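**Student:** Just model23.txt, nothing more (compact mmCIF, C-alpha atoms and all ligand atoms):
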# COMPACT_ATOMS: atom_id res chain seq x y z
CA MET R 28 -12.13 -3.57 -22.41
CA ASN R 29 -13.50 -0.21 -21.40
CA TYR R 30 -10.43 1.23 -19.66
CA ASP R 31 -10.27 4.99 -19.65
CA ILE R 32 -6.58 5.44 -18.86
CA HIS R 33 -6.71 9.22 -19.28
CA LYS R 34 -9.43 9.50 -16.69
CA ILE R 35 -7.63 7.11 -14.35
CA ARG R 36 -4.40 9.09 -14.65
CA SER R 37 -6.26 12.33 -14.01
CA TYR R 38 -7.07 11.04 -10.50
CA PHE R 39 -3.33 11.04 -9.68
CA PRO R 40 -2.03 14.63 -9.59
CA ILE R 41 1.50 13.47 -8.77
CA LEU R 42 1.83 11.91 -12.24
CA GLU R 43 1.69 15.40 -13.74
CA ASN R 44 4.96 16.32 -12.07
CA LYS R 45 8.29 16.74 -13.74
CA VAL R 46 11.35 15.09 -12.22
CA TYR R 47 14.67 16.71 -13.14
CA ASP R 48 12.66 18.53 -15.77
CA LYS R 49 11.54 15.26 -17.37
CA PRO R 50 8.06 13.74 -17.38
CA PHE R 51 7.66 11.60 -14.28
CA VAL R 52 7.42 7.85 -14.94
CA TYR R 53 6.56 5.84 -11.87
CA PHE R 54 7.48 2.16 -12.11
CA ASP R 55 7.70 1.48 -8.39
CA SER R 56 4.10 0.76 -7.41
CA GLY R 57 5.24 -2.56 -5.95
CA ALA R 58 7.02 -0.58 -3.23
CA SER R 59 4.13 1.83 -2.73
CA ALA R 60 1.36 2.99 -5.06
CA GLN R 61 0.52 6.63 -5.70
CA LYS R 62 -2.72 7.95 -4.16
CA PRO R 63 -5.74 9.15 -6.13
CA VAL R 64 -7.56 12.38 -5.25
CA GLN R 65 -10.42 10.32 -3.81
CA VAL R 66 -8.09 9.10 -1.05
CA LEU R 67 -6.54 12.53 -0.44
CA GLU R 68 -10.01 14.10 -0.24
CA ALA R 69 -11.31 11.45 2.14
CA GLU R 70 -8.53 12.33 4.60
CA GLU R 71 -9.27 16.01 4.33
CA GLU R 72 -13.02 15.53 4.67
CA LEU R 73 -12.58 13.55 7.87
CA HIS R 74 -10.57 16.33 9.49
CA ASN R 75 -12.82 19.08 8.22
CA LYS R 76 -16.16 17.48 8.97
CA TYR R 77 -16.32 14.73 11.55
CA TYR R 78 -13.15 13.88 13.45
CA GLY R 79 -13.21 12.26 16.90
CA ASN R 80 -11.70 9.22 18.60
CA ILE R 81 -13.57 6.06 17.77
CA HIS R 82 -15.41 3.40 19.79
CA ARG R 83 -15.44 5.48 22.96
CA GLY R 84 -17.34 8.53 21.94
CA ALA R 85 -20.28 10.00 23.68
CA HIS R 86 -20.63 12.70 21.07
CA PHE R 87 -21.67 13.24 17.47
CA MET R 88 -18.18 13.55 15.94
CA ALA R 89 -16.87 10.40 17.61
CA ASP R 90 -19.97 8.46 16.57
CA LYS R 91 -19.67 9.60 13.00
CA ALA R 92 -15.96 8.72 12.82
CA THR R 93 -16.68 5.32 14.38
CA GLU R 94 -19.40 4.63 11.84
CA GLN R 95 -17.05 5.51 8.94
CA PHE R 96 -14.22 3.46 10.42
CA GLU R 97 -16.37 0.38 10.91
CA ASN R 98 -17.82 0.81 7.46
CA VAL R 99 -14.33 0.30 6.04
CA ARG R 100 -14.18 -3.04 7.86
CA ASN R 101 -17.23 -4.06 5.85
CA LYS R 102 -15.58 -2.89 2.63
CA VAL R 103 -12.47 -4.97 3.36
CA LYS R 104 -14.64 -7.96 4.22
CA ASP R 105 -16.39 -7.67 0.86
CA LEU R 106 -13.16 -7.04 -1.05
CA ILE R 107 -11.64 -10.36 0.02
CA ASN R 108 -14.96 -12.16 0.56
CA ALA R 109 -14.41 -12.91 4.24
CA LYS R 110 -17.28 -14.65 6.01
CA ASN R 111 -17.42 -12.31 9.00
CA ARG R 112 -16.47 -8.68 9.54
CA GLU R 113 -14.97 -9.69 12.89
CA GLU R 114 -12.29 -11.57 10.96
CA ILE R 115 -10.87 -8.27 9.67
CA ILE R 116 -8.24 -6.70 11.93
CA PHE R 117 -6.68 -3.33 11.18
CA THR R 118 -2.92 -3.18 11.67
CA LYS R 119 -0.08 -0.89 10.57
CA GLY R 120 0.58 -2.99 7.47
CA THR R 121 1.50 -6.42 6.17
CA THR R 122 4.59 -6.53 8.36
CA GLU R 123 2.62 -5.98 11.54
CA SER R 124 -0.10 -8.41 10.44
CA ILE R 125 2.45 -11.20 9.97
CA ASN R 126 4.20 -10.36 13.24
CA LEU R 127 0.86 -10.53 15.02
CA VAL R 128 0.20 -14.06 13.76
CA ALA R 129 3.80 -15.16 14.28
CA PHE R 130 3.54 -14.05 17.90
CA SER R 131 -0.02 -14.94 18.87
CA PHE R 132 -0.57 -18.08 16.84
CA CYS R 133 2.81 -19.50 17.76
CA GLU R 134 2.33 -18.58 21.42
CA GLN R 135 -0.81 -20.71 21.51
CA PHE R 136 -0.17 -23.51 19.02
CA VAL R 137 3.57 -23.98 18.45
CA LYS R 138 5.74 -25.93 20.87
CA GLU R 139 9.32 -27.10 21.06
CA GLY R 140 10.35 -29.20 18.05
CA ASP R 141 7.46 -28.03 15.85
CA GLU R 142 8.06 -26.89 12.28
CA ILE R 143 6.99 -23.90 10.21
CA ILE R 144 7.33 -24.07 6.43
CA VAL R 145 8.36 -20.80 4.78
CA SER R 146 8.76 -20.44 1.04
CA GLU R 147 12.11 -19.43 -0.42
CA MET R 148 10.58 -16.52 -2.36
CA GLU R 149 9.35 -14.51 0.63
CA HIS R 150 9.82 -10.85 1.46
CA HIS R 151 11.76 -10.48 4.71
CA ALA R 152 8.44 -9.59 6.39
CA ASN R 153 7.32 -13.19 5.89
CA ILE R 154 10.56 -14.80 7.06
CA VAL R 155 11.97 -12.91 10.02
CA PRO R 156 8.81 -12.93 12.22
CA TRP R 157 8.76 -16.75 11.88
CA GLN R 158 12.44 -16.97 12.76
CA LEU R 159 11.82 -14.88 15.87
CA ALA R 160 8.88 -17.10 16.81
CA ALA R 161 10.99 -20.20 16.17
CA ILE R 162 13.68 -18.92 18.54
CA ARG R 163 11.05 -18.16 21.19
CA LYS R 164 9.32 -21.51 20.91
CA LYS R 165 12.39 -23.65 20.03
CA ALA R 166 10.74 -24.55 16.75
CA ARG R 167 12.33 -25.08 13.32
CA ILE R 168 11.94 -23.24 10.00
CA VAL R 169 11.74 -25.46 6.91
CA LYS R 170 12.34 -24.00 3.45
CA LEU R 171 9.90 -24.60 0.58
CA PRO R 172 12.10 -24.06 -2.49
CA PHE R 173 11.30 -22.59 -5.91
CA SER R 174 12.59 -23.42 -9.39
CA ASP R 175 14.87 -21.19 -11.49
CA LYS R 176 11.78 -20.26 -13.49
CA GLY R 177 10.44 -18.76 -10.29
CA GLU R 178 7.76 -21.31 -9.39
CA ILE R 179 7.21 -22.97 -6.04
CA LEU R 180 8.12 -26.69 -6.10
CA LEU R 181 4.65 -27.79 -5.13
CA ASP R 182 5.53 -31.49 -5.42
CA LYS R 183 8.00 -31.01 -2.59
CA LEU R 184 5.41 -29.64 -0.20
CA PRO R 185 3.84 -32.97 0.91
CA GLU R 186 7.37 -34.33 1.50
CA LEU R 187 8.18 -31.39 3.79
CA ILE R 188 5.08 -31.82 5.92
CA ASN R 189 5.14 -34.14 8.92
CA ASN R 190 3.27 -34.38 12.20
CA LYS R 191 5.32 -31.52 13.64
CA THR R 192 4.37 -29.07 10.88
CA LYS R 193 2.13 -26.33 12.20
CA LEU R 194 2.00 -23.62 9.55
CA ILE R 195 2.94 -22.73 5.97
CA ALA R 196 3.83 -19.09 5.22
CA ILE R 197 3.79 -18.07 1.57
CA ALA R 198 3.28 -15.00 -0.61
CA HIS R 199 0.29 -14.88 -2.92
CA VAL R 200 2.46 -12.91 -5.36
CA SER R 201 6.25 -12.66 -5.09
CA ASN R 202 7.53 -9.08 -4.94
CA VAL R 203 10.63 -10.03 -6.96
CA LEU R 204 9.52 -12.79 -9.32
CA GLY R 205 5.94 -11.66 -9.79
CA THR R 206 4.83 -15.30 -9.58
CA ILE R 207 1.20 -15.81 -8.59
CA ASN R 208 1.41 -18.82 -6.31
CA PRO R 209 -1.19 -21.63 -6.45
CA ILE R 210 -2.76 -20.79 -3.11
CA SER R 211 -5.78 -23.11 -3.41
CA GLU R 212 -3.55 -26.08 -4.15
CA ILE R 213 -1.35 -25.23 -1.19
CA THR R 214 -4.29 -24.96 1.21
CA LYS R 215 -5.66 -28.26 -0.14
CA ILE R 216 -2.41 -30.04 0.78
CA ALA R 217 -2.34 -28.19 4.11
CA ARG R 218 -5.94 -29.21 4.94
CA GLN R 219 -5.14 -32.90 4.34
CA ASN R 220 -2.38 -32.57 6.91
CA ASN R 221 -4.02 -30.31 9.47
CA VAL R 222 -1.61 -27.48 8.75
CA VAL R 223 -2.50 -23.78 8.89
CA VAL R 224 -1.72 -21.44 5.96
CA LEU R 225 -0.76 -17.78 6.15
CA VAL R 226 -0.71 -15.94 2.83
CA ASP R 227 1.13 -12.65 2.39
CA GLY R 228 -1.09 -10.78 -0.04
CA ALA R 229 0.89 -7.51 -0.09
CA GLN R 230 1.55 -7.80 -3.85
CA ALA R 231 -1.73 -9.48 -4.75
CA VAL R 232 -4.80 -7.71 -3.49
CA GLN R 233 -4.33 -4.63 -5.73
CA HIS R 234 -4.03 -6.80 -8.86
CA LEU R 235 -6.26 -9.84 -8.38
CA ASN R 236 -9.65 -10.81 -7.05
CA VAL R 237 -8.87 -12.39 -3.70
CA ASP R 238 -11.38 -14.77 -2.15
CA VAL R 239 -10.31 -16.00 1.27
CA GLN R 240 -13.22 -18.43 1.52
CA GLU R 241 -12.70 -20.02 -1.87
CA THR R 242 -8.94 -20.35 -1.37
CA ASP R 243 -9.58 -21.49 2.21
CA VAL R 244 -6.58 -19.64 3.67
CA ASP R 245 -6.38 -19.31 7.46
CA PHE R 246 -4.66 -15.93 7.47
CA TYR R 247 -4.26 -13.30 4.75
CA THR R 248 -2.31 -10.05 5.10
CA PHE R 249 -1.95 -6.85 3.08
CA SER R 250 -1.06 -3.13 3.17
CA ALA R 251 -3.26 -0.19 2.11
CA HIS R 252 -0.34 1.85 0.74
CA LYS R 253 0.27 -0.65 -2.06
CA MET R 254 -3.44 -0.46 -3.02
CA TYR R 255 -3.58 3.29 -3.76
CA GLY R 256 -4.48 3.84 -0.11
CA PRO R 257 -2.72 5.68 2.71
CA ASN R 258 0.37 4.63 4.63
CA GLY R 259 0.25 3.15 8.08
CA VAL R 260 -2.72 0.84 7.60
CA GLY R 261 -2.88 -2.83 6.85
CA VAL R 262 -5.16 -5.77 7.30
CA LEU R 263 -4.96 -9.12 8.93
CA TYR R 264 -7.70 -11.49 7.89
CA GLY R 265 -7.92 -14.52 10.14
CA LYS R 266 -10.44 -17.30 10.42
CA ARG R 267 -12.62 -16.70 13.44
CA LYS R 268 -11.73 -20.07 14.99
CA TRP R 269 -8.04 -19.12 15.15
CA LEU R 270 -8.46 -15.50 16.17
CA GLU R 271 -10.72 -16.47 19.05
CA GLN R 272 -8.17 -18.91 20.41
CA MET R 273 -5.11 -16.68 19.97
CA PRO R 274 -3.90 -14.50 22.86
CA PRO R 275 -3.67 -10.71 22.35
CA TYR R 276 -0.59 -9.36 20.62
CA GLN R 277 -0.50 -6.00 22.40
CA GLY R 278 -2.19 -4.75 25.55
CA GLY R 279 -3.89 -1.41 26.05
CA GLY R 280 -7.14 0.42 25.62
CA GLU R 281 -9.91 -1.03 23.47
CA MET R 282 -8.62 -4.62 23.56
CA ILE R 283 -9.96 -5.26 27.07
CA SER R 284 -13.30 -6.13 28.49
CA GLU R 285 -12.50 -5.39 32.15
CA VAL R 286 -9.26 -4.49 33.89
CA SER R 287 -8.35 -5.00 37.53
CA PHE R 288 -5.15 -5.76 39.41
CA GLU R 289 -6.57 -9.21 40.09
CA GLY R 290 -6.83 -9.93 36.39
CA THR R 291 -7.98 -8.59 33.06
CA THR R 292 -10.48 -9.98 30.58
CA PHE R 293 -10.20 -9.31 26.89
CA ASN R 294 -12.53 -7.84 24.33
CA GLU R 295 -14.01 -9.86 21.51
CA ILE R 296 -12.42 -10.07 18.05
CA PRO R 297 -11.49 -7.98 16.18
CA TYR R 298 -10.99 -5.48 19.03
CA LYS R 299 -8.90 -7.93 21.05
CA PHE R 300 -6.18 -7.32 18.45
CA GLU R 301 -6.64 -3.57 18.05
CA ALA R 302 -5.05 -2.09 21.18
CA GLY R 303 -4.94 1.70 21.48
CA THR R 304 -6.18 4.42 19.16
CA PRO R 305 -5.84 3.10 15.62
CA ASN R 306 -4.86 5.09 12.55
CA ILE R 307 -8.39 6.45 12.19
CA THR R 308 -7.67 8.86 9.34
CA SER R 309 -5.86 6.33 7.21
CA VAL R 310 -8.36 3.55 7.77
CA ILE R 311 -11.18 5.83 6.63
CA ALA R 312 -9.19 6.99 3.60
CA PHE R 313 -8.41 3.34 2.87
CA GLY R 314 -12.15 2.94 2.32
CA ALA R 315 -11.87 5.44 -0.53
CA ALA R 316 -9.02 3.41 -2.05
CA ILE R 317 -11.17 0.28 -1.99
CA ASP R 318 -14.00 2.22 -3.67
CA PHE R 319 -11.48 3.33 -6.29
CA LEU R 320 -10.36 -0.27 -6.97
CA ASN R 321 -13.98 -1.41 -7.20
CA LYS R 322 -14.90 1.45 -9.50
CA ILE R 323 -12.22 0.57 -12.06
CA GLY R 324 -12.71 -3.13 -11.38
CA LEU R 325 -9.93 -5.53 -10.45
CA PRO R 326 -10.46 -7.73 -13.54
CA ASN R 327 -9.98 -4.61 -15.72
CA ILE R 328 -6.86 -3.59 -13.81
CA LYS R 329 -5.49 -7.11 -14.14
CA GLU R 330 -6.09 -7.18 -17.89
CA TRP R 331 -4.54 -3.73 -18.37
CA GLU R 332 -1.47 -4.54 -16.29
CA ASN R 333 -1.09 -7.92 -17.97
CA ASP R 334 -0.85 -6.16 -21.29
CA LEU R 335 1.87 -3.88 -19.90
CA LEU R 336 3.69 -6.88 -18.45
CA HIS R 337 3.78 -8.76 -21.76
CA TYR R 338 4.70 -5.69 -23.77
CA ALA R 339 7.59 -4.75 -21.48
CA THR R 340 8.82 -8.35 -21.12
CA LYS R 341 8.97 -8.83 -24.88
CA LYS R 342 10.87 -5.58 -25.41
CA LEU R 343 13.27 -6.16 -22.53
CA LYS R 344 14.16 -9.60 -23.84
CA GLU R 345 15.48 -7.97 -27.02
CA ILE R 346 18.25 -6.29 -25.00
CA PRO R 347 21.47 -8.35 -25.17
CA GLY R 348 22.70 -9.72 -21.85
CA LEU R 349 19.45 -8.98 -20.02
CA LYS R 350 18.20 -11.68 -17.66
CA ILE R 351 14.72 -11.64 -16.17
CA TYR R 352 14.15 -13.31 -12.81
CA GLY R 353 10.73 -14.95 -12.65
CA GLU R 354 9.22 -16.31 -15.82
CA SER R 355 6.17 -18.13 -14.59
CA ASN R 356 3.15 -18.17 -16.91
CA SER R 357 1.14 -17.12 -13.89
CA LYS R 358 2.68 -13.75 -13.23
CA SER R 359 1.72 -10.33 -11.94
CA SER R 360 2.99 -6.99 -13.29
CA VAL R 361 6.48 -7.07 -11.81
CA ILE R 362 9.70 -7.50 -13.80
CA SER R 363 13.05 -7.95 -12.05
CA PHE R 364 16.20 -8.15 -14.11
CA ASN R 365 19.92 -7.63 -14.43
CA ILE R 366 22.07 -6.79 -17.43
CA GLU R 367 25.44 -8.46 -17.85
CA ASN R 368 28.37 -6.40 -16.57
CA VAL R 369 26.13 -3.56 -15.40
CA HIS R 370 25.39 -2.76 -11.77
CA ALA R 371 21.65 -2.48 -11.13
CA TYR R 372 22.24 0.42 -8.76
CA ASP R 373 24.02 2.46 -11.46
CA LEU R 374 21.17 1.76 -13.85
CA GLY R 375 18.57 2.83 -11.32
CA MET R 376 20.43 6.02 -10.45
CA LEU R 377 20.78 7.10 -14.07
CA LEU R 378 17.17 6.22 -14.88
CA ASP R 379 16.12 8.38 -11.96
CA LYS R 380 17.96 11.32 -13.50
CA MET R 381 15.78 10.77 -16.57
CA GLY R 382 12.62 11.00 -14.49
CA ILE R 383 12.00 7.25 -14.16
CA ALA R 384 11.47 5.75 -10.72
CA VAL R 385 12.45 2.08 -10.42
CA ARG R 386 13.56 -0.09 -7.54
CA THR R 387 17.06 -1.50 -7.15
CA GLY R 388 18.81 -3.66 -4.57
CA HIS R 389 17.88 -6.85 -2.76
CA LEU R 390 14.18 -5.89 -2.76
CA CYS R 391 13.86 -7.10 0.86
CA ALA R 392 14.17 -10.64 -0.45
CA ASP R 393 17.66 -11.90 0.34
CA THR R 394 16.68 -15.55 -0.08
CA VAL R 395 15.61 -14.86 -3.67
CA MET R 396 18.90 -13.06 -4.30
CA GLN R 397 20.76 -16.04 -2.84
CA HIS R 398 18.81 -18.44 -5.07
CA TYR R 399 20.16 -16.69 -8.18
CA ASN R 400 23.52 -15.99 -6.58
CA MET R 401 23.23 -12.22 -7.02
CA GLN R 402 23.63 -9.16 -4.82
CA GLY R 403 20.67 -7.28 -6.21
CA CYS R 404 18.66 -6.46 -9.30
CA LEU R 405 16.46 -3.81 -10.85
CA ARG R 406 12.67 -4.06 -10.60
CA ILE R 407 9.94 -2.30 -12.50
CA SER R 408 6.40 -2.75 -11.23
CA PHE R 409 3.24 -1.42 -12.82
CA GLY R 410 0.05 0.02 -11.42
CA ALA R 411 -3.37 0.81 -12.85
CA TYR R 412 -2.10 4.20 -14.11
CA ASN R 413 0.89 3.08 -16.18
CA THR R 414 0.96 3.06 -19.98
CA LYS R 415 2.82 1.52 -22.92
CA GLU R 416 4.06 5.01 -23.78
CA GLU R 417 5.79 5.11 -20.40
CA ILE R 418 7.35 1.72 -21.12
CA ASP R 419 8.68 3.13 -24.38
CA ILE R 420 10.16 6.13 -22.53
CA PHE R 421 11.74 3.73 -20.05
CA LEU R 422 13.20 1.48 -22.78
CA LYS R 423 14.63 4.43 -24.64
CA ALA R 424 16.20 5.74 -21.43
CA LEU R 425 17.53 2.28 -20.56
CA LYS R 426 19.22 1.94 -23.94
CA LYS R 427 20.73 5.40 -23.56
CA VAL R 428 22.03 4.57 -20.09
CA LEU R 429 23.55 1.32 -21.37
CA LEU R 430 25.49 3.25 -23.98
CA MET R 431 26.73 5.63 -21.29
CA LEU R 432 27.85 2.73 -19.07
N1 LIG E 501 5.34 -8.73 1.70
C1 LIG E 501 5.57 -8.42 0.43
C2 LIG E 501 5.42 -9.47 -0.62
C3 LIG E 501 5.92 -7.11 0.08
O1 LIG E 501 6.17 -6.81 -1.20
C4 LIG E 501 6.04 -6.15 1.11
C5 LIG E 501 6.47 -4.77 0.79
O2 LIG E 501 7.12 -4.52 -0.19
C6 LIG E 501 5.77 -6.52 2.43
C7 LIG E 501 5.42 -7.82 2.68
C8 LIG E 501 5.85 -5.55 3.55
O3 LIG E 501 4.83 -4.62 3.45
P1 LIG E 501 4.75 -3.37 4.47
O4 LIG E 501 6.10 -2.72 4.42
O5 LIG E 501 3.67 -2.54 3.91
O6 LIG E 501 4.44 -3.93 5.80
In structure tokens, what does this structure look like?
**Tutor:**
Amino acid sequence: MNYDIHKIRSYFPILENKVYDKPFVYFDSGASAQKPVQVLEAEEELHNKYYGNIHRGAHFMADKATEQFENVRNKVKDLINAKNREEIIFTKGTTESINLVAFSFCEQFVKEGDEIIVSEMEHHANIVPWQLAAIRKKARIVKLPFSDKGEILLDKLPELINNKTKLIAIAHVSNVLGTINPISEITKIARQNNVVVLVDGAQAVQHLNVDVQETDVDFYTFSAHKMYGPNGVGVLYGKRKWLEQMPPYQGGGEMISEVSFEGTTFNEIPYKFEAGTPNITSVIAFGAAIDFLNKIGLPNIKEWENDLLHYATKKLKEIPGLKIYGESNSKSSVISFNIENVHAYDLGMLLDKMGIAVRTGHLCADTVMQHYNMQGCLRISFGAYNTKEEIDIFLKALKKVLLML
């Protein structure tokens, strides 16, 4: 594999920093990835060269910004192989994308007594919006469980579906277990039963080639900030047939066709779901993040990160009393673990003092914590810029911390 890690790292000035006088090791890309210079420069260029509000401009700057903004819609369409650019809606992030569907889809298609299947390994962002919708519509949430190995119990899915089932909500990749879920198999079962599938791709799209047509998902959601892009921007992909039938999520400028006190008509998709001035700067810089991913190549990133995953997993397993949560063969570069008689929070705090950024706590996934009967754990997650040398630094620090504790 032709993977020039030195060049890749050179795009991320933040990695050169020292933390508490130690080299900075960033193992928290699952929470948010660092941003390459290409993204930082894209933001600056916009403000220096062609800023204006989009879609309503009667002047050069507004036209230019609109063109750049809409160009990113095309890039997103290509990235996930959507059929139509109108199926790409810009939101604030995965959380807002899921809330949009949970509100609008349920408003139109879910009625009292209906059921929504939610997997047990979801981030809170893919549980709570469905619970709120269920309260609103007097519907019921049904749990799709996972095994102790961290794999969805796919055999259970047909048993959970009945004529009241409207939708299945599931992560493409679990943010705790790292499991890459069998999305195509899930949509196949869903199709046979006329059930809609929403996939939370927040932990997937920066690691894997996603193809929404091949996997036949109805909705797919993700956040730019986990893909080396800016904060405050996300995507909702939705099949045209659903988006066209769903009512707007928010009202305001841009999402209307005509407004009067007698009644208002709505704009076409995607604008029907993009009320108000969007995060123009971040969407345009998001385009630079997609270019960055394409330039390195997602298959290369996947191979590189896979190597890191296997290396770190093997070494961690040598530590007595260490338990890894999520041991599927189909796994992304996330490792969550606990060590007997040691509090994950103490570990994380001491590692931080050695310059190593990890994540500790419930990881916004209480149902996963409940599955393993634990309060929290420690997670390391890798990005395109991490190295085996950093893993060695981390392991050495971890062993030192364990002696201290
Ligand atoms: N879903 C998963 C699987 C995640 O890992 C996260 C963030 O960690 C989210 C949803 C929420 O993403 P955001 O906070 O960008 O909306």
**Student:** Axis-aligned box over every listed atom of range 348-367 of chain R, padded by 8 Å per side: centre and edges in Å to one decimal, as AutoDock Vina command-line options?
**Tutor:**
--center_x 13.3 --center_y -12.5 --center_z -16.8 --size_x 40.3 --size_y 27.4 --size_z 26.0
**Student:** Using all atoms listed in the file, what table do you get, as CSV, when you list each residue of range 382-415 of chain R with an atom no more than 12 Å from range 254-264 of chain R, its nearest pair of atoms, and their distance in Å rounded to one decimal, rows by chain then rising number?
**Tutor:**
residue,atom,partner,partner_atom,distance
R:Phe409,CA,R:Met254,CA,11.9
R:Gly410,CA,R:Tyr255,CA,9.1
R:Ala411,CA,R:Tyr255,CA,9.4
R:Tyr412,CA,R:Tyr255,CA,10.5
**Student:** Restricting it to C-alpha atoms, dump the selection as a PDB file, keeping the file's coordinate frame.
**Tutor:**
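Saved the output as result12.pdb:
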ATOM      1  CA  PHE R 409       3.240  -1.420 -12.820  1.00  0.00           C
ATOM      2  CA  GLY R 410       0.050   0.020 -11.420  1.00  0.00           C
ATOM      3  CA  ALA R 411      -3.370   0.810 -12.850  1.00  0.00           C
ATOM      4  CA  TYR R 412      -2.100   4.200 -14.110  1.00  0.00           C
TER       5      TYR R 412
END
**Student:** What do you get as a PyMOL selection string if you pick all residues at most 9 Å from ligand LIG 501 (chain E), counting only C-alpha atoms and all ligand atoms?
**Tutor:** chain R and resi 57-59+119-125+148-153+198-203+227-231+248-253+258-261+390-392
**Student:** Could you check the closest approach to Tyr77 in chain R for each of R:Phe246, R:Phe421, R:Tyr53, R:Phe96 and tell me which residue wins, using all atoms listed in the file?
**Tutor:**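 Nearest to Tyr77 in chain R: R:Phe96.
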**Student:** Hey, which of R:Tyr298, R:Met273, R:Thr394, R:Ile420 ends up closest to Lys170 in chain R? Count all atoms listed in the file.
**Tutor:**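 Closest candidate: R:Thr394.
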**Student:** Go ahead and compute the interatomic distance for CA of Ala69 in chain R and CA of Ala89 in chain R, in Å to one decimal.
**Tutor:**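 Separating CA of Ala69 in chain R from CA of Ala89 in chain R is a distance of 16.5 Å.
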**Student:** Leaving out Lys341 in chain R and any residue of its chain fewer than 2 positions from it, which residues lie within 12 Å of it when counting all atoms listed in the file, given as a list in words?
**Tutor:**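 Surrounding residues, per the criterion: Asp334, Leu335, Leu336, His337, Tyr338, Ala339, Leu343, Lys344, Glu345, Ile346, Leu349, Ile351, Glu354, Ile362, Ile418, Asp419 and Leu422 of chain R.
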**Student:** Tell me which protein, DNA and RNA residues are within 12 Å of Glu330 in chain R, counting only C-alpha atoms, leaving out same-chain ones fewer than 2 positions away, and put them as a PyMOL selection string.
**Tutor:** chain R and resi 28-30+234-236+323-328+332-337+358-360+410-411
**Student:** For range 32-43 of chain R, work out the shell of residues within 7 Å, counting only C-alpha atoms and skipping chain neighbours fewer than 4 positions away, then give it as a PyMOL selection string.
**Tutor:** chain R and resi 51+62-64+412
**Student:** Which of these, R:Asn400, R:Ser363, R:Gln233, R:Thr214, has the shortest distance to Thr387 in chain R once you count only C-alpha atoms?
**Tutor:**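 Among R:Asn400, R:Ser363, R:Gln233, R:Thr214, it is R:Ser363 that comes nearest to Thr387 in chain R.
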**Student:** One number please: CA of Val222 in chain R to CA of Glu301 in chain R, in Å, one decimal.
**Tutor:**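 Rounded to one decimal, the two atoms are 26.1 Å apart.
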**Student:** Go through R:Ala166, R:Ile144, R:Leu180, R:Thr308 one by one, measure the shortest atom-to-atom distance of each to Ala92 in chain R using all atoms listed in the file, and give the residue with the smallest value.
**Tutor:**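 Nearest candidate to Ala92 in chain R out of R:Ala166, R:Ile144, R:Leu180, R:Thr308: R:Thr308.
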**Student:** What is the distance, in Å and to one decimal place, between CA of Arg386 in chain R and CA of Glu367 in chain R?
**Tutor:**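 Distance reported for this atom pair: 17.8 Å.
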**Student:** Write out as a list in words each polymer residue whose atoms come within 10 Å of Gln95 in chain R, counting all atoms listed in the file; drop sequence neighbours fewer than 2 positions from it.
**Tutor:**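 Surrounding residues, per the criterion: Leu73, Tyr77, Ile81, Ala89, Asp90, Lys91, Ala92, Thr93, Glu97, Asn98, Val99, Arg100, Ile307, Thr308, Val310, Ile311, Ala312 and Gly314 of chain R.
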**Student:** With only C-alpha atoms as the atoms that count, which of R:Met396, R:Ile216, R:Val137, R:Val239 lies nearest to Lys191 in chain R?
**Tutor:** R:Val137
**Student:** With distances taken over all atoms listed in the file, which of R:Glu114, R:Glu416, R:Asp373, R:Glu72 is nearest to Gln240 in chain R?
**Tutor:** R:Glu114
**Student:** In file coordinates, which residues lie within 8 Å of (-4.1, -10.7, 22.4) using all atoms listed in the file, given as a PDB file with C-alpha atoms, in the frame of the given file?
**Tutor:**
ATOM      1  CA  SER R 131      -0.020 -14.940  18.870  1.00  0.00           C
ATOM      2  CA  MET R 273      -5.110 -16.680  19.970  1.00  0.00           C
ATOM      3  CA  PRO R 274      -3.900 -14.500  22.860  1.00  0.00           C
ATOM      4  CA  PRO R 275      -3.670 -10.710  22.350  1.00  0.00           C
ATOM      5  CA  TYR R 276      -0.590  -9.360  20.620  1.00  0.00           C
ATOM      6  CA  GLN R 277      -0.500  -6.000  22.400  1.00  0.00           C
ATOM      7  CA  GLY R 278      -2.190  -4.750  25.550  1.00  0.00           C
ATOM      8  CA  MET R 282      -8.620  -4.620  23.560  1.00  0.00           C
ATOM      9  CA  PHE R 293     -10.200  -9.310  26.890  1.00  0.00           C
ATOM     10  CA  LYS R 299      -8.900  -7.930  21.050  1.00  0.00           C
ATOM     11  CA  PHE R 300      -6.180  -7.320  18.450  1.00  0.00           C
TER      12      PHE R 300
END
**Student:** My structure is short of atoms at range 208-212 of chain R; please model N, CA and C atoms there, returning them as a CSV table (one decimal), in the coordinates of the input.
**Tutor:**
chain,number,residue,atom,x,y,z
R,208,ASN,N,1.3,-17.5,-6.8
R,208,ASN,CA,1.4,-18.8,-6.3
R,208,ASN,C,0.1,-19.5,-6.3
R,209,PRO,N,0.1,-20.8,-6.4
R,209,PRO,CA,-1.2,-21.6,-6.4
R,209,PRO,C,-1.7,-21.8,-5.0
R,210,ILE,N,-2.3,-20.8,-4.5
R,210,ILE,CA,-2.8,-20.8,-3.1
R,210,ILE,C,-3.8,-21.9,-2.8
R,211,SER,N,-4.8,-22.1,-3.7
R,211,SER,CA,-5.8,-23.1,-3.4
R,211,SER,C,-5.2,-24.5,-3.3
R,212,GLU,N,-4.2,-24.8,-4.2
R,212,GLU,CA,-3.6,-26.1,-4.2
R,212,GLU,C,-2.7,-26.3,-2.9
